[in-house]
>>> print(open('protein_7.cif').read())   # mmCIF, C-alpha atoms
data_model
#
loop_
_atom_site.label_atom_id
_atom_site.label_comp_id
_atom_site.auth_asym_id
_atom_site.auth_seq_id
_atom_site.Cartn_x
_atom_site.Cartn_y
_atom_site.Cartn_z
CA MET L 38 27.26 133.18 188.81
CA ARG L 39 28.60 134.83 185.68
CA ARG L 40 26.82 132.31 183.49
CA ARG L 41 23.60 132.87 185.37
CA ASN L 42 23.85 136.61 184.80
CA LEU L 43 24.53 136.01 181.15
CA ALA L 44 21.46 133.82 180.86
CA LEU L 45 19.30 136.40 182.60
CA ARG L 46 20.65 139.17 180.37
CA PHE L 47 19.98 137.02 177.33
CA ALA L 48 16.40 136.35 178.44
CA LEU L 49 15.82 140.04 179.21
CA GLY L 50 17.33 141.06 175.88
CA LEU L 51 15.08 138.62 174.07
CA MET L 52 12.03 140.01 175.81
CA ILE L 53 12.92 143.63 175.04
CA ALA L 54 13.74 142.84 171.42
CA GLY L 55 10.49 140.95 171.06
CA LEU L 56 8.44 143.76 172.56
CA ALA L 57 10.16 146.31 170.35
CA TRP L 58 9.55 144.17 167.29
CA GLY L 59 5.93 143.67 168.32
CA GLN L 60 5.41 147.42 168.68
CA GLN L 61 7.06 148.03 165.33
CA GLU L 62 4.78 145.49 163.67
CA LYS L 63 1.79 146.97 165.42
CA SER L 64 2.51 150.45 164.14
CA ALA L 65 3.19 149.10 160.67
CA ALA L 66 -0.17 147.40 160.75
CA SER L 67 -1.99 150.51 161.98
CA PRO L 68 -5.20 151.08 160.03
CA LYS L 69 -4.10 154.68 159.37
CA LYS L 70 -1.17 153.44 157.37
CA ARG L 71 -2.45 150.27 155.87
CA ASP L 72 -5.58 149.19 154.03
CA PRO L 73 -7.06 146.38 156.15
CA TYR L 74 -8.42 144.71 153.03
CA ALA L 75 -5.16 144.82 151.09
CA GLU L 76 -4.42 141.18 151.82
CA LEU L 77 -7.50 140.13 149.82
CA THR L 78 -5.69 141.13 146.67
CA GLN L 79 -2.74 138.91 147.53
CA ALA L 80 -4.61 135.62 147.04
CA PRO L 81 -3.08 133.63 144.19
CA GLU L 82 -5.29 133.01 141.17
CA LYS L 83 -5.56 129.30 141.89
CA ALA L 84 -6.86 130.03 145.39
CA ARG L 85 -9.25 132.74 144.16
CA ASN L 86 -10.83 130.35 141.69
CA ARG L 87 -11.50 127.58 144.16
CA THR L 88 -15.18 126.82 144.53
CA ASN L 89 -16.89 126.16 147.83
CA PRO L 90 -17.70 122.43 147.98
CA LEU L 91 -20.46 123.22 150.48
CA GLU L 92 -22.05 125.95 148.38
CA ASN L 93 -25.29 124.00 147.96
CA ASP L 94 -25.38 122.67 151.51
CA PRO L 95 -28.20 124.51 153.34
CA ASP L 96 -26.62 123.66 156.70
CA ALA L 97 -23.28 125.25 155.80
CA PRO L 98 -24.13 128.89 156.67
CA VAL L 99 -25.86 127.79 159.87
CA ALA L 100 -22.88 125.74 161.01
CA GLY L 101 -20.65 128.56 159.77
CA LYS L 102 -22.45 131.01 162.02
CA LYS L 103 -21.82 128.75 165.00
CA LEU L 104 -18.12 128.58 164.12
CA PHE L 105 -17.98 132.33 163.49
CA GLU L 106 -19.40 133.02 166.94
CA ARG L 107 -16.82 130.72 168.52
CA HIS L 108 -13.73 131.86 166.72
CA CYS L 109 -14.23 135.14 164.85
CA MET L 110 -16.88 137.22 166.60
CA GLU L 111 -14.54 138.38 169.35
CA CYS L 112 -12.54 140.47 166.88
CA HIS L 113 -14.90 140.99 163.93
CA GLY L 114 -18.01 141.82 165.95
CA GLU L 115 -21.31 140.09 166.47
CA ALA L 116 -22.58 140.35 162.92
CA GLY L 117 -19.20 140.73 161.26
CA THR L 118 -19.52 144.50 161.29
CA GLY L 119 -16.00 144.98 162.62
CA THR L 120 -14.50 146.30 165.84
CA LYS L 121 -11.43 148.32 166.80
CA ARG L 122 -9.45 145.10 166.54
CA ALA L 123 -10.53 143.85 163.14
CA PRO L 124 -12.25 145.18 160.01
CA SER L 125 -15.85 144.68 158.93
CA LEU L 126 -16.58 141.54 156.98
CA ARG L 127 -19.59 143.21 155.39
CA ALA L 128 -17.47 145.69 153.52
CA ALA L 129 -17.77 145.59 149.77
CA GLN L 130 -14.15 144.43 149.50
CA VAL L 131 -14.96 141.28 151.46
CA GLN L 132 -18.40 140.59 150.07
CA GLY L 133 -17.14 141.21 146.56
CA SER L 134 -14.32 138.71 146.95
CA SER L 135 -14.64 135.16 145.71
CA GLN L 136 -15.29 132.39 148.21
CA GLY L 137 -11.88 130.97 147.32
CA THR L 138 -10.25 134.26 148.36
CA LEU L 139 -12.00 134.27 151.74
CA PHE L 140 -11.01 130.64 152.26
CA TRP L 141 -7.42 131.54 151.43
CA ILE L 142 -7.43 134.41 153.95
CA LEU L 143 -8.88 132.15 156.64
CA THR L 144 -6.28 129.50 155.94
CA ASN L 145 -3.27 131.81 155.88
CA GLY L 146 -4.38 134.53 158.26
CA VAL L 147 -2.82 137.97 158.04
CA VAL L 148 -0.16 137.16 160.56
CA ARG L 149 1.75 140.45 160.45
CA SER L 150 -1.45 142.42 161.05
CA GLY L 151 -2.72 140.27 163.87
CA MET L 152 -5.13 137.85 162.23
CA PRO L 153 -4.15 134.33 163.21
CA VAL L 154 -3.89 131.37 160.89
CA TRP L 155 -7.11 129.35 160.97
CA SER L 156 -5.88 126.23 159.25
CA LYS L 157 -6.29 124.53 162.62
CA LEU L 158 -9.95 124.30 161.67
CA PRO L 159 -10.48 121.48 159.18
CA GLU L 160 -11.16 122.54 155.58
CA PRO L 161 -14.91 121.83 155.65
CA GLN L 162 -15.29 124.07 158.71
CA ARG L 163 -13.44 126.89 156.98
CA TRP L 164 -15.76 126.53 153.99
CA GLN L 165 -18.73 126.64 156.37
CA ILE L 166 -17.46 129.94 157.76
CA VAL L 167 -17.05 131.26 154.20
CA SER L 168 -20.65 130.22 153.47
CA TYR L 169 -21.81 132.17 156.51
CA LEU L 170 -19.79 135.25 155.58
CA LYS L 171 -21.30 135.22 152.13
CA SER L 172 -24.77 134.85 153.61
CA LEU L 173 -24.31 138.13 155.51
CA GLY L 174 -24.30 140.23 152.37
CA ALA L 175 -22.92 143.74 152.09
CA GLU L 176 -26.17 145.59 152.65
CA ALA L 177 -27.85 143.33 155.16
CA PRO L 178 -28.75 144.93 158.48
CA ALA L 179 -26.92 143.87 161.63
CA GLY L 180 -28.18 140.57 163.05
CA ALA L 181 -29.27 139.22 159.69
CA GLY L 182 -27.85 136.15 158.05
CA ALA L 183 -28.23 132.53 158.99
CA THR L 184 -30.12 131.76 162.16
CA LEU L 185 -29.11 129.07 164.57
CA PRO L 186 -31.64 126.67 166.00
CA PRO L 187 -32.19 127.20 169.72
CA ARG L 188 -30.03 125.25 172.13
CA MET R 18 5.32 125.08 203.67
CA ARG R 19 6.69 127.64 201.23
CA SER R 20 5.83 125.29 198.37
CA TYR R 21 2.21 125.14 199.44
CA ILE R 22 2.08 128.92 199.56
CA LYS R 23 3.47 129.18 196.03
CA ILE R 24 0.98 126.64 194.71
CA LEU R 25 -1.86 128.42 196.52
CA LEU R 26 -0.77 131.81 195.16
CA CYS R 27 -0.64 130.34 191.69
CA ALA R 28 -4.17 128.95 192.03
CA VAL R 29 -5.48 132.27 193.36
CA PHE R 30 -3.82 134.16 190.50
CA SER R 31 -5.32 131.75 187.94
CA CYS R 32 -8.79 132.14 189.39
CA SER R 33 -8.47 135.94 189.49
CA CYS R 34 -7.46 136.02 185.86
CA ALA R 35 -10.31 133.71 184.99
CA LEU R 36 -12.90 135.74 186.84
CA PHE R 37 -11.91 139.30 186.06
CA LEU R 38 -9.64 139.56 183.08
CA GLY R 39 -11.31 138.80 179.82
CA ARG R 40 -14.11 136.78 178.33
CA PRO R 41 -13.92 133.04 177.78
CA VAL R 42 -13.86 131.97 174.14
CA ALA R 43 -14.05 128.55 172.58
CA ALA R 44 -10.61 127.21 171.85
CA GLN R 45 -9.68 124.70 169.19
CA GLU R 46 -6.80 122.87 170.74
CA HIS R 47 -4.92 119.89 169.52
CA PRO R 48 -4.75 117.11 172.09
CA TYR R 49 -0.98 116.85 172.57
CA PHE R 50 0.71 117.16 175.95
CA VAL R 51 4.32 117.06 174.79
CA THR R 52 4.34 117.80 171.07
CA TYR R 53 3.87 121.35 169.81
CA ASP R 54 2.13 122.19 166.56
CA HIS R 55 2.53 125.44 164.64
CA TYR R 56 -0.59 127.15 165.94
CA LEU R 57 0.05 130.03 168.30
CA GLU R 58 -2.25 131.73 170.77
CA GLU R 59 -4.57 134.35 169.30
CA PRO R 60 -3.20 137.89 169.85
CA GLY R 61 -4.29 139.43 173.14
CA ALA R 62 -5.72 136.13 174.42
CA LEU R 63 -4.63 134.37 177.59
CA GLU R 64 -5.00 130.66 178.07
CA ILE R 65 -4.77 129.29 181.57
CA SER R 66 -4.22 125.62 181.93
CA ALA R 67 -3.81 123.21 184.84
CA ASN R 68 -2.28 119.83 184.09
CA SER R 69 -1.27 116.78 186.07
CA THR R 70 0.75 113.65 185.52
CA PHE R 71 0.32 110.52 187.57
CA GLY R 72 3.43 108.38 187.34
CA THR R 73 4.33 104.90 188.46
CA GLN R 74 7.93 104.14 189.40
CA ARG R 75 9.72 100.85 189.92
CA ASP R 76 11.57 100.80 193.24
CA ALA R 77 10.10 104.14 194.25
CA HIS R 78 6.82 105.74 195.20
CA ARG R 79 4.15 106.85 192.79
CA TYR R 80 3.81 110.56 192.24
CA LEU R 81 1.52 113.25 190.98
CA SER R 82 3.09 116.24 189.28
CA TYR R 83 1.31 119.45 188.31
CA TRP R 84 2.02 122.36 186.10
CA THR R 85 0.06 125.54 185.63
CA GLU R 86 0.46 127.26 182.34
CA PHE R 87 -0.22 130.86 181.34
CA GLU R 88 -0.08 131.20 177.58
CA TYR R 89 -0.41 134.63 176.06
CA GLY R 90 -0.61 135.66 172.42
CA VAL R 91 1.59 138.74 172.09
CA THR R 92 1.10 138.92 168.33
CA ALA R 93 -0.16 136.48 165.71
CA TRP R 94 3.47 135.34 165.26
CA TRP R 95 4.68 135.34 168.87
CA THR R 96 3.32 133.46 171.86
CA THR R 97 4.84 133.56 175.31
CA GLU R 98 4.17 131.09 178.11
CA PHE R 99 4.97 130.90 181.77
CA TYR R 100 4.83 127.67 183.74
CA LEU R 101 4.86 126.85 187.44
CA ASP R 102 5.71 123.25 188.31
CA ALA R 103 5.12 121.18 191.45
CA GLN R 104 4.83 117.56 192.48
CA SER R 105 3.64 115.30 195.28
CA THR R 106 5.31 111.96 195.86
CA LEU R 107 3.40 109.35 197.81
CA HIS R 108 4.86 108.81 201.31
CA ASP R 109 7.19 111.76 200.74
CA SER R 110 6.18 115.41 200.30
CA THR R 111 4.66 118.06 198.05
CA ILE R 112 7.10 120.59 196.68
CA PHE R 113 7.36 123.44 194.21
CA THR R 114 9.85 122.37 191.57
CA GLY R 115 10.46 125.46 189.50
CA TYR R 116 9.34 127.70 186.67
CA ARG R 117 9.77 127.92 182.92
CA TRP R 118 9.39 130.76 180.49
CA GLU R 119 9.01 129.90 176.86
CA ASN R 120 8.54 131.82 173.64
CA ARG R 121 7.42 130.56 170.26
CA PHE R 122 7.95 132.47 167.05
CA ARG R 123 6.42 131.82 163.69
CA PRO R 124 8.90 133.03 161.05
CA LEU R 125 6.73 132.54 157.93
CA LYS R 126 3.64 134.62 157.39
CA ARG R 127 1.67 132.12 155.32
CA GLU R 128 0.74 128.46 155.53
CA HIS R 129 2.99 125.94 153.81
CA TRP R 130 3.18 122.17 153.54
CA ILE R 131 5.58 122.24 156.48
CA ASN R 132 5.32 125.15 158.88
CA PRO R 133 8.30 125.88 161.11
CA VAL R 134 8.07 127.49 164.53
CA LEU R 135 11.11 128.46 166.60
CA TYR R 136 10.94 127.83 170.31
CA ILE R 137 13.16 129.16 173.06
CA GLU R 138 12.72 128.45 176.75
CA PHE R 139 14.53 129.30 179.94
CA GLU R 140 13.83 126.98 182.82
CA HIS R 141 14.87 127.08 186.43
CA ILE R 142 13.82 123.83 188.00
CA ASN R 143 15.18 121.53 190.65
CA GLY R 144 16.03 117.84 190.48
CA ALA R 145 12.66 116.85 191.93
CA ASP R 146 10.79 118.01 188.83
CA LYS R 147 8.68 115.14 187.50
CA THR R 148 6.40 116.86 185.02
CA LEU R 149 8.05 114.99 182.12
CA ARG R 150 6.96 117.60 179.65
CA GLU R 151 9.78 116.35 177.47
CA VAL R 152 12.53 113.78 177.62
CA GLU R 153 16.02 115.09 177.00
CA GLY R 154 19.47 113.56 176.84
CA HIS R 155 19.70 110.45 178.97
CA ASP R 156 16.62 111.02 181.14
CA ILE R 157 15.49 107.72 182.65
CA GLU R 158 12.99 106.53 185.22
CA ALA R 159 15.63 106.11 187.93
CA ASP R 160 16.35 109.88 187.82
CA SER R 161 13.11 110.52 189.70
CA ALA R 162 13.51 107.74 192.28
CA GLY R 163 15.31 109.81 194.92
CA SER R 164 13.62 111.50 197.85
CA ASN R 165 12.25 115.00 197.36
CA ALA R 166 14.50 116.37 200.09
CA ASN R 167 17.63 115.27 198.24
CA ALA R 168 16.42 115.96 194.73
CA ARG R 169 15.29 119.51 195.39
CA SER R 170 18.81 120.56 196.34
CA GLU R 171 19.93 120.05 192.75
CA HIS R 172 19.18 123.17 190.72
CA LYS R 173 19.03 123.27 186.95
CA ARG R 174 19.08 126.35 184.81
CA GLU R 175 18.57 125.31 181.25
CA LEU R 176 18.17 126.91 177.89
CA GLU R 177 15.95 124.85 175.68
CA LEU R 178 15.57 125.29 171.94
CA LYS R 179 13.09 123.49 169.74
CA LEU R 180 12.50 123.33 166.05
CA ILE R 181 8.80 122.69 165.58
CA LEU R 182 7.65 121.46 162.18
CA SER R 183 3.96 120.99 161.64
CA SER R 184 1.63 120.23 158.76
CA SER R 185 -2.10 120.05 158.30
CA PHE R 186 -3.56 117.81 155.64
CA LYS R 187 -7.20 116.84 155.21
CA GLY R 188 -7.98 117.45 158.85
CA TRP R 189 -4.89 115.64 160.13
CA ASN R 190 -2.19 117.48 162.01
CA ILE R 191 1.29 116.02 161.89
CA SER R 192 3.92 117.65 164.08
CA GLU R 193 7.58 116.92 164.70
CA ASN R 194 9.69 118.59 167.38
CA PHE R 195 13.46 118.48 167.66
CA LEU R 196 14.78 119.44 171.07
CA PHE R 197 18.18 120.94 171.95
CA VAL R 198 18.90 121.59 175.62
CA LYS R 199 21.87 123.27 177.26
CA ASN R 200 22.28 123.23 180.97
CA LEU R 201 23.84 126.59 181.72
CA THR R 202 26.45 124.98 183.91
CA ASN R 203 29.26 123.16 182.19
CA GLU R 204 27.28 120.29 180.69
CA PRO R 205 27.00 119.13 177.09
CA TRP R 206 24.10 119.81 174.75
CA GLU R 207 21.34 117.24 175.10
CA PHE R 208 18.77 116.25 172.53
CA GLY R 209 15.27 114.89 172.36
CA TYR R 210 12.35 114.48 170.02
CA ALA R 211 8.57 114.39 169.96
CA TRP R 212 6.11 113.79 167.18
CA GLY R 213 2.38 113.60 167.09
CA ILE R 214 -0.52 113.02 164.75
CA SER R 215 -4.11 113.97 165.49
CA ARG R 216 -7.44 114.64 163.87
CA PRO R 217 -10.86 115.91 164.95
CA LEU R 218 -13.47 113.15 165.06
CA ALA R 219 -15.55 115.04 162.48
CA LEU R 220 -14.34 117.54 159.90
CA LYS R 221 -17.66 119.30 159.29
CA ALA R 222 -19.32 121.22 162.09
CA SER R 223 -22.83 120.31 163.01
CA PRO R 224 -25.38 123.12 162.56
CA LYS R 225 -26.68 122.43 166.08
CA ARG R 226 -25.16 123.81 169.22
CA CYS R 227 -23.92 120.79 171.07
CA SER R 228 -21.36 119.75 173.64
CA PHE R 229 -20.82 116.22 172.43
CA CYS R 230 -20.70 116.78 168.65
CA PRO R 231 -17.82 114.77 167.22
CA GLU R 232 -16.18 117.94 165.85
CA ASN R 233 -15.53 119.00 169.47
CA PHE R 234 -13.27 116.00 170.02
CA ALA R 235 -9.78 115.43 168.67
CA ALA R 236 -7.81 112.23 169.06
CA GLY R 237 -4.36 111.14 168.11
CA VAL R 238 -1.12 109.70 169.29
CA GLU R 239 2.24 111.18 170.23
CA MET R 240 5.66 109.69 170.80
CA PHE R 241 8.54 111.33 172.62
CA GLY R 242 11.92 110.45 173.97
CA GLY R 243 15.56 111.39 174.38
CA LEU R 244 18.37 111.31 171.85
CA GLY R 245 21.36 111.40 174.19
CA ASP R 246 23.92 114.17 174.27
CA ARG R 247 26.67 115.45 172.01
CA TYR R 248 29.07 112.74 173.21
CA ARG R 249 26.64 109.82 173.18
CA PHE R 250 23.96 110.57 170.61
CA GLY R 251 21.27 107.99 169.90
CA LEU R 252 18.20 106.17 171.10
CA GLN R 253 20.03 104.07 173.71
CA GLU R 254 20.43 104.83 177.44
CA THR R 255 17.39 107.06 177.50
CA SER R 256 13.61 106.69 177.68
CA HIS R 257 10.84 106.70 175.09
CA TYR R 258 7.06 106.88 175.38
CA LEU R 259 4.04 106.28 173.20
CA ALA R 260 0.88 108.10 174.23
CA PRO R 261 -2.62 108.12 172.79
CA VAL R 262 -4.16 111.58 173.29
CA LEU R 263 -7.71 112.88 173.43
CA ALA R 264 -9.08 116.42 173.70
CA TRP R 265 -12.58 117.72 174.17
CA ASN R 266 -13.03 121.35 173.14
CA HIS R 267 -16.19 122.33 174.95
CA PRO R 268 -18.14 125.23 173.39
CA SER R 269 -18.07 127.07 176.74
CA GLY R 270 -14.35 127.64 176.27
CA PHE R 271 -12.98 124.81 178.37
CA THR R 272 -10.71 122.19 176.86
CA PHE R 273 -10.23 118.87 178.58
CA ARG R 274 -7.34 116.61 177.65
CA ALA R 275 -6.25 113.17 178.74
CA SER R 276 -3.45 110.87 177.74
CA PRO R 277 -2.12 107.57 179.04
CA ALA R 278 1.57 107.14 178.16
CA PHE R 279 3.37 103.84 177.96
CA GLY R 280 7.11 103.42 178.39
CA LEU R 281 8.73 101.73 175.42
CA ASN R 282 11.91 100.45 177.07
CA ASP R 283 13.27 99.48 180.46
CA ASN R 284 14.54 103.01 181.12
CA SER R 285 11.06 104.48 180.88
CA HIS R 286 8.31 104.74 183.45
CA ARG R 287 5.97 101.87 182.70
CA PHE R 288 2.87 104.03 182.79
CA LEU R 289 2.00 107.71 183.03
CA LEU R 290 -1.45 109.19 183.03
CA ARG R 291 -1.87 112.84 182.16
CA TRP R 292 -4.90 115.05 182.23
CA GLY R 293 -5.47 118.73 181.94
CA ILE R 294 -8.05 121.46 181.74
CA SER R 295 -7.60 124.80 180.06
CA ARG R 296 -9.61 127.86 179.30
CA GLU R 297 -8.93 130.65 176.90
CA PHE R 298 -9.78 134.29 177.64
CA SER R 299 -9.82 136.77 174.83
CA GLY R 300 -9.48 140.47 175.40
CA PHE R 301 -6.97 139.92 178.21
CA ARG R 302 -4.69 142.66 176.95
CA GLY R 303 -7.58 145.15 176.86
CA ALA R 304 -8.64 144.18 180.38
CA VAL R 305 -5.13 144.77 181.71
CA ARG R 306 -4.98 148.15 179.96
CA ARG R 307 -8.30 149.15 181.50
CA ILE R 308 -7.01 148.26 184.97
CA PHE R 309 -4.09 150.63 184.45
CA GLY R 310 -6.31 153.40 183.11
CA GLY R 311 -5.64 152.92 179.42
CA ARG R 312 -8.08 152.37 176.60
CA SER R 313 -8.74 148.78 175.61
#
>>> encode(input="protein_7.cif", output="structure tokens")
Amino acid sequence: MRRRNLALRFALGLMIAGLAWGQQEKSAASPKKRDPYAELTQAPEKARNRTNPLENDPDAPVAGKKLFERHCMECHGEAGTGTKRAPSLRAAQVQGSSQGTLFWILTNGVVRSGMPVWSKLPEPQRWQIVSYLKSLGAEAPAGAGATLPPR
Amino acid sequence: MRSYIKILLCAVFSCSCALFLGRPVAAQEHPYFVTYDHYLEEPGALEISANSTFGTQRDAHRYLSYWTEFEYGVTAWWTTEFYLDAQSTLHDSTIFTGYRWENRFRPLKREHWINPVLYIEFEHINGADKTLREVEGHDIEADSAGSNANARSEHKRELELKLILSSSFKGWNISENFLFVKNLTNEPWEFGYAWGISRPLALKASPKRCSFCPENFAAGVEMFGGLGDRYRFGLQETSHYLAPVLAWNHPSGFTFRASPAFGLNDNSHRFLLRWGISREFSGFRGAVRRIFGGRS
């Protein structure tokens, strides 16, 4: 019985510690305190200079849009304009970044601020998403960018 | 009868979550049933999954075990999961076999060649559990040969730790899990392992919207087994399995998985067949907040 109580206390303690840590991280990552685009500057030079192997593939932004809608739109908004949960991808900071930088962010995520790691998508799919993001452009109106063929 | 009620409640809860709490999103799941990779649930998302194992047994009846899984992304570095387990044995009965609560933590904030994840689980199951979600210690086929009435009287409260190492390279995922289990009664530490390798059938996404595009499928193989306990460590006197795995990530948000598993020694079940269906709902946290009057 004593061991059981210990186990339950341990589990409860773990949960409380985790929640506390989660809240702490959340407040640390609050947009009021932290520039949401700061991570873009963290990309190593080698990653920044990587070129998109699908840059000249006309299908890449179209496929990228499909992937964006599946995996990114929920947080970043329908046309990448941002939501309460995640920043706009049409901001000058993003559109002014190299394709290698965007690929690096996709691959590594911004784990402490809530953006998951997307290396579970194969490299070509991540480059396709980068192609789509670049096709949006900073000044383009909402809904612009690559168009998907009808289902 | 109580078991049926628990299973029914679980099904009703799953359906309620599916219908009211959140929007389905397309998941990108690896096909493993036993092996864990380093990818955690997206923050605020809930994945509900129903899985089954059909097992053959020498000198005992065949069985069907089920587990329902609720996986929630607390943060991008912490995922928590709750499981409810049950099983039906042919010519015997259907019983609820227990619950598990697991947590996975990602200690490193960036991707590396090898990505570690720390796993901690508390499980309260009875001796009739046949989900075989892992093999630990000296688990063998004969352990599940007893009748449900006898087996369910044995209760296990275990603390399970895993070191998950996982790498992604040119579309391949390679994952290794090392398992350490402590029954909270006075029993020795037990060990187990699992590893898996998988890859999507296509690395580039098709520009068309399609259900059967090869990029929606992932295939691979996993192997898992026991490693004995602290007094008798090794590959002997335990069971080992090799299992091809296949997943279909449907664009609607459903993932279907199937895996036949083959026992590799005389201690193992000769054949297991697993299948599962899961669906991911994003915005679950916001939906719960709205129910309790908060802002999403």
>>> resolve_selection(input="protein_7.cif", expression="the PyMOL selection byres ((chain R and resi 233-235) around 10)", output="ChimeraX atom specification")
/R:44-49,189,215-220,222-223,227-232,236-237,262-268,272-274
>>> resolve_selection(input="protein_7.cif", expression="the PyMOL selection byres ((chain R) within 6 of (chain L))", output="compact mmCIF listing (two decimals) with C-alpha atoms, in the frame of the given file")
# COMPACT_ATOMS: atom_id res chain seq x y z
CA ALA R 43 -14.05 128.55 172.58
CA ALA R 93 -0.16 136.48 165.71
CA LYS R 126 3.64 134.62 157.39
CA ARG R 127 1.67 132.12 155.32
CA GLU R 128 0.74 128.46 155.53
CA GLY R 188 -7.98 117.45 158.85
CA LEU R 220 -14.34 117.54 159.90
CA LYS R 221 -17.66 119.30 159.29
CA ALA R 222 -19.32 121.22 162.09
CA SER R 223 -22.83 120.31 163.01
CA PRO R 224 -25.38 123.12 162.56
CA ARG R 226 -25.16 123.81 169.22
>>> residues_around(input="protein_7.cif", residues="region 127-133 of chain L", least_positions_apart="4", cutoff="7 Å", atoms="all atoms listed in the file", output="number ranges by chain")
L: 74, 117-118, 171, 173-175
>>> resolve_selection(input="protein_7.cif", expression="the PyMOL selection byres ((chain R and resi 141) around 12)", output="PyMOL selection string")
(chain L and resi 41+44-45) or (chain R and resi 99-102+113-119+138-140+142-146+169+171-177+200-201)
>>> atom_distance(input="protein_7.cif", atom1="CA of Gly300 (chain R)", atom2="CA of Tyr56 (chain R)")
18.6 Å
>>> atom_distance(input="protein_7.cif", atom1="CA of His129 (chain R)", atom2="CA of Glu153 (chain R)")
28.7 Å
>>> atom_distance(input="protein_7.cif", atom1="CA of His108 (chain R)", atom2="CA of Asp76 (chain R)")
13.2 Å
>>> closest_residue(input="protein_7.cif", among="R:Arg296, R:Lys179, R:His155, R:Lys147", to="Leu81 (chain R)", atoms="all atoms listed in the file")
R:Lys147
>>> closest_residue(input="protein_7.cif", among="R:Gly213, R:Gly245, R:Gly251, R:Pro205", to="Asp156 (chain R)", atoms="all atoms listed in the file")
R:Gly245
